[in-house]
Structure formats: structure tokens, C-alpha cells
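**Q** Before anything else, here's the structure in question.
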2 protein chains.
Amino acid sequence: MQGGIARRGLMLVLSSPSGAGKTTIARALLEAETGIESSISHTTRKKRKGEKEGKDYHFVDQDEFARMRDRGAFLEWAEVFDNYYGTPRAPVERALKEGRDVLFDVDWQGAASLRAEAPSDVVSVFILPPSAADLEQRLNVRAEDPPDVVHTRMRGASDEIRHWQEYDYVIVNHDLERSVAAVRAILVAERQRRARLTGLKDFVKGLLAGL
Amino acid sequence: MQGGIARRGLMLVLSSPSGAGKTTIARALLEAETGIESSISHTTRKKRKGEKEGKDYHFVDQDEFARMRDRGAFLEWAEVFDNYYGTPRAPVERALKEGRDVLFDVDWQGAASLRAEAPSDVVSVFILPPSAADLEQRLNVRAEDPPDVVHTRMRGASDEIRHWQEYDYVIVNHDLERSVAAVRAILVAERQRRARLTGLKDFVKGLLAGL
């Protein structure tokens, strides 16, 4: 976009209650835009059918996870249903330095940790469902979930939604296509932020010298 | 975009040195996007051929301009070559309250005044030329300008460019189409800012009540 002007990458953080469309939006964004990649977490949970090491997750055992956590190798980490999940710091810092953007699909606690670690790199977007009925329907639609899981998720959704005010941008997902367009616009816009365009100072110096 | 969620409009402020493409970009933006309108200034200068009262400017005499200025009716005003130009406050405030956005094509001093008057409403974008040679060429291309005017403009361009660091976003205008796309993305993105979505609080309250 900036024709050779060096810039620092950004961390695009998407959160939403389960069932509000965040994962679909994230996938559509990665398909439509270049220069942004998904952050790949480390996890101690077992590999599910179809998942690939290094693509979906880095699968590690509890000991390795604990060692990484203790030496500060994670930007954020969390325990979910007895499994650990962590975002490794090094590949994110490399990407940002090289002007590549990184996408994070995390809950409000993950978003808060990332914000605390890298306040000027994080751009956070909260996706809201268009209505309670719509969210409930989308959660029930997953036929494989037993009713108590659906109930837990509804409660989880409330807890997540209560943190909407911590985000830079909020999108109410009335229409998937429009929501994807809005997230893409946020990415394109945030890439033009003066503070991220690390090569601008030299560019302007050269421009003024030529006038 | 937000399916009925009330929002406060924003003030999109474009600045650039003369000849960097700002006016062309502004026109393309107004053609492509709805919900944004140009701010119409008051001026004491004479109406030029083809200009229309209330469309290009509000043409007023020096006395009326001074009275408006003295009662604080301008968000910003400036004197340029013995003529006065001012941005009337009331229509802008009305637009913002009604969720409409207003576009401003002003120099760095105008941008600074607008920022001081409405810091949270202003989104400012600086357009840079791709090179000094390109800018010089575009300024010389205007065959109707005498050489000393071109020289003054080049000096003016330097003065303007020196203020690039006061802007939220910077676009190097290598390619008109891409620059227009970038400004459109900034507008679409900034409309999704949590802080502008004044109706969200009630929307979320309703959502949580239904879960």
C-alpha cells in the first residue's frame, strides 16, 4: 500500500462471544487480505482429527508449556478446561518488525494480556451478535453440543460481551459480508496510521531536501 | 453500516501540500461514499465564474464575516491573500449529532484549529506527494500560474509538509486509486470506533437482558 515505505506490523485482535461469527470473519479476512497471518498458539490439548502441527496449533506437553511460560515465551496464555493455550512471543515480534500483521482470535482475557504487552501494536475489534435470539439460535444449531454445554456457552457469552468497552472498534454482525468489509477496512486504515509508518521520517526528509 | 445503532458523526480532515492530489481524492471520496458531506466555508473573496452560493462557499462581506467570527460562529477561520475563510460551527455540530460525517479540505493551521475545537471528533489524514519532482511537475503543469506563484507554492508545500506528524494517518499518493481506497477505508473504519457508537450501550444492555 505504501510503495516501499517501511512500516511496523500490527496485531489485529478479534474477540466475540462464541457463536457471533468471529471465526468466519477471521477466515474471510485471511482469504481476502495479504500481509496478515494468523497467530499460531501452543497448546497442551490433544490434537483433534484433521488438525496439523504448526498449522492449527503447536502441540506440546504440560512440561514444555510450563517451561515456555516460566521463561516469558508467551505474550499471553490461558487455561481452558484443564488445557493450556499460549501465544508465542518470538514469531509475533519478528512479523511486526518485518511489517507483517498478525491476527489473533482470543477472548477478552487474551485481548487484555496482548494490550498490556504491546499497547501501541494492538488494534482490537469486538464482534457482537445482532440479537440474543440470534446468538441463542446459532449456539443451539450446533447439534453435537449437549444442552448443558449450550447453557454454559450462553453464560460465557454474557461474560464476554460485558467487556465490549475495552475494544477500539465494535461491529454488530448483522450481515457477514458487511462485517468482513468493516474488519478489512479497519486493517487497511490502521496500516496507514502515521505512528506505524516507521519509514516516513526519512521519506519526508528526502522530500523536503528536494523542494 | 451499523443496522440502526446510533452513532456520532466524525470530522474527516484532509490536508496536503498544494498539488499532492488532496482535492481529487476528496471529490472521489464524496462520489463513492454516502453519509459524508463537504463542509461549506464562508468567505469574503469574490465569487469566481461557475461558483455557486451555498454550494462552493457562502459569500459574505467583511463586516458579516467579522461579526460571525466575533461571536464564535466559526470552528476555524483564516486569512489568505487578504481574503477571509471560515468554517461555520452550527451546521457541523448538527451533522455530527445526526450521525453524518463532514469532510474538511484545510491546511495544517485549519486542521490544528479543528483538532483543538473537537479533539475526539476529528480524524486527520495527511496526503504526501510521491516525490519532490512529482510535486514540482504537478505545480508547473498549471499553465495559468506565473512562475513566482509556482515558487511561492513550492515554499508553501514545504511549510505544509513539515506538519505531517500532527496527523492520525498519512498516505503517500503514489497511485490515486489506492489513495482513494485508503481514505475510504479510514472513513469506514473510524465509523466503527466504539467511542462513536453512541447507541451501543443500550444495544448491549438489551442483548444481555435477553441472554
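Labeling convention for the C-alpha cells: chains A, B, ... as they appear, residues from 1 per chain, ligands from 1 in order of appearance.
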At a cut-off of 7 Å, using only C-alpha atoms, what residues contact stretch 100-117 of chain B? Leave out same-chain residues fewer than 2 positions from it and give the result as a list in words.
**A**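 Once the nearby chain positions are removed, what remains is Gly9, Leu10, Met11, Leu12, Val13, Leu14, Ser15, Ser16, Gly35, Ile36, Glu37, Ser38, Ser39, Leu75, Glu76, Val92, Ala95, Leu96, Glu98, Pro119, Val122, Glu160 and His163 of chain B.
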**Q** Residues of chain B were defined as contacting chain A if any atom lay at most 6 Å from it, counting only C-alpha atoms; please report them as a PyMOL selection string.
**A** chain B and resi 131-132+168-170+185-186+189+192-194+207+210-211
**Q** Identify all residues of stretch 25-160 of chain A in alpha helix (DSSP H) (DSSP on the backbone) and supply them as a VMD selection string.
**A** chain A and resid 25 to 32 62 to 70 89 to 97 108 to 117 132 to 140 147 to 160
**Q** Write out as a list in words each polymer residue whose atoms come within 6 Å of B:Ala73, counting only C-alpha atoms; drop sequence neighbours fewer than 2 positions from it.
**A**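 Returned residues: Met68, Arg69, Arg71, Pro88 and Arg89 of chain B.
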**Q** Provide the atom CA of B:Lys46 to atom CA of B:Phe59 distance in Å, to one decimal place.
**A** 7.4 Å
**Q** Could you pull out the residues in stretch 32-170 of chain B that DSSP calls strand (DSSP E or B) from the backbone, as a VMD selection string?
**A** chain B and resid 36 to 38 42 to 43 53 57 to 59 74 to 80 83 to 88 101 to 105 122 to 128 169 to 170
**Q** Once you have the residues from the selection above, write them out as an mmCIF file, in the first residue's frame, restricted to C-alpha atoms.
**A**
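And here is the file that came out, result-v1.cif:
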```
data_model
loop_
_atom_site.group_PDB
_atom_site.id
_atom_site.type_symbol
_atom_site.label_atom_id
_atom_site.label_comp_id
_atom_site.auth_asym_id
_atom_site.auth_seq_id
_atom_site.Cartn_x
_atom_site.Cartn_y
_atom_site.Cartn_z
ATOM 1 C CA ILE B 36 -20.432 12.245 4.317
ATOM 2 C CA GLU B 37 -20.734 15.803 3.103
ATOM 3 C CA SER B 38 -18.313 18.615 2.427
ATOM 4 C CA HIS B 42 -17.857 31.298 4.465
ATOM 5 C CA THR B 43 -15.541 33.562 2.518
ATOM 6 C CA GLU B 53 -23.526 30.484 -3.305
ATOM 7 C CA TYR B 57 -18.917 28.831 -0.482
ATOM 8 C CA HIS B 58 -21.170 31.139 1.446
ATOM 9 C CA PHE B 59 -20.092 34.517 0.070
ATOM 10 C CA PHE B 74 -16.517 29.680 13.215
ATOM 11 C CA LEU B 75 -14.816 26.427 14.163
ATOM 12 C CA GLU B 76 -11.752 27.812 12.431
ATOM 13 C CA TRP B 77 -11.015 30.757 10.204
ATOM 14 C CA ALA B 78 -8.030 32.045 8.256
ATOM 15 C CA GLU B 79 -6.858 34.978 6.182
ATOM 16 C CA VAL B 80 -5.370 34.061 2.809
ATOM 17 C CA ASN B 83 -9.479 37.226 1.953
ATOM 18 C CA TYR B 84 -11.103 35.545 4.922
ATOM 19 C CA TYR B 85 -12.287 31.947 5.060
ATOM 20 C CA GLY B 86 -14.192 30.365 7.937
ATOM 21 C CA THR B 87 -15.857 27.064 8.785
ATOM 22 C CA PRO B 88 -19.280 27.706 10.367
ATOM 23 C CA ASP B 101 -19.795 12.854 8.682
ATOM 24 C CA VAL B 102 -18.235 16.085 7.460
ATOM 25 C CA LEU B 103 -15.230 16.382 5.165
ATOM 26 C CA PHE B 104 -12.747 19.247 5.567
ATOM 27 C CA ASP B 105 -10.182 20.258 2.993
ATOM 28 C CA VAL B 122 -11.526 14.855 14.237
ATOM 29 C CA VAL B 123 -9.880 12.136 12.152
ATOM 30 C CA SER B 124 -6.997 13.736 10.274
ATOM 31 C CA VAL B 125 -5.271 12.464 7.148
ATOM 32 C CA PHE B 126 -2.188 13.957 5.527
ATOM 33 C CA ILE B 127 -1.557 13.303 1.835
ATOM 34 C CA LEU B 128 2.078 13.389 0.705
ATOM 35 C CA TYR B 169 -2.985 8.926 9.197
ATOM 36 C CA VAL B 170 -0.532 9.568 6.373
#
```
**Q** Calculate how many Å separate atom CA of A:Ala118 from atom CA of A:Arg94, rounding to one decimal.
**A**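 Rounded to one decimal, the two atoms are 13.6 Å apart.
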**Q** As an exercise, work out the distance from atom CA of A:Lys55 to atom CA of A:Glu177 in Å and give it to one decimal place.
**A** 25.9 Å
**Q** Using only C-alpha atoms, pick whichever of B:Ser18, B:Ala6, B:Ala26, B:Ala66 has the shortest atom-to-atom distance to B:Thr152.
**A**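 Under the stated criterion, the closest residue is B:Ser18.
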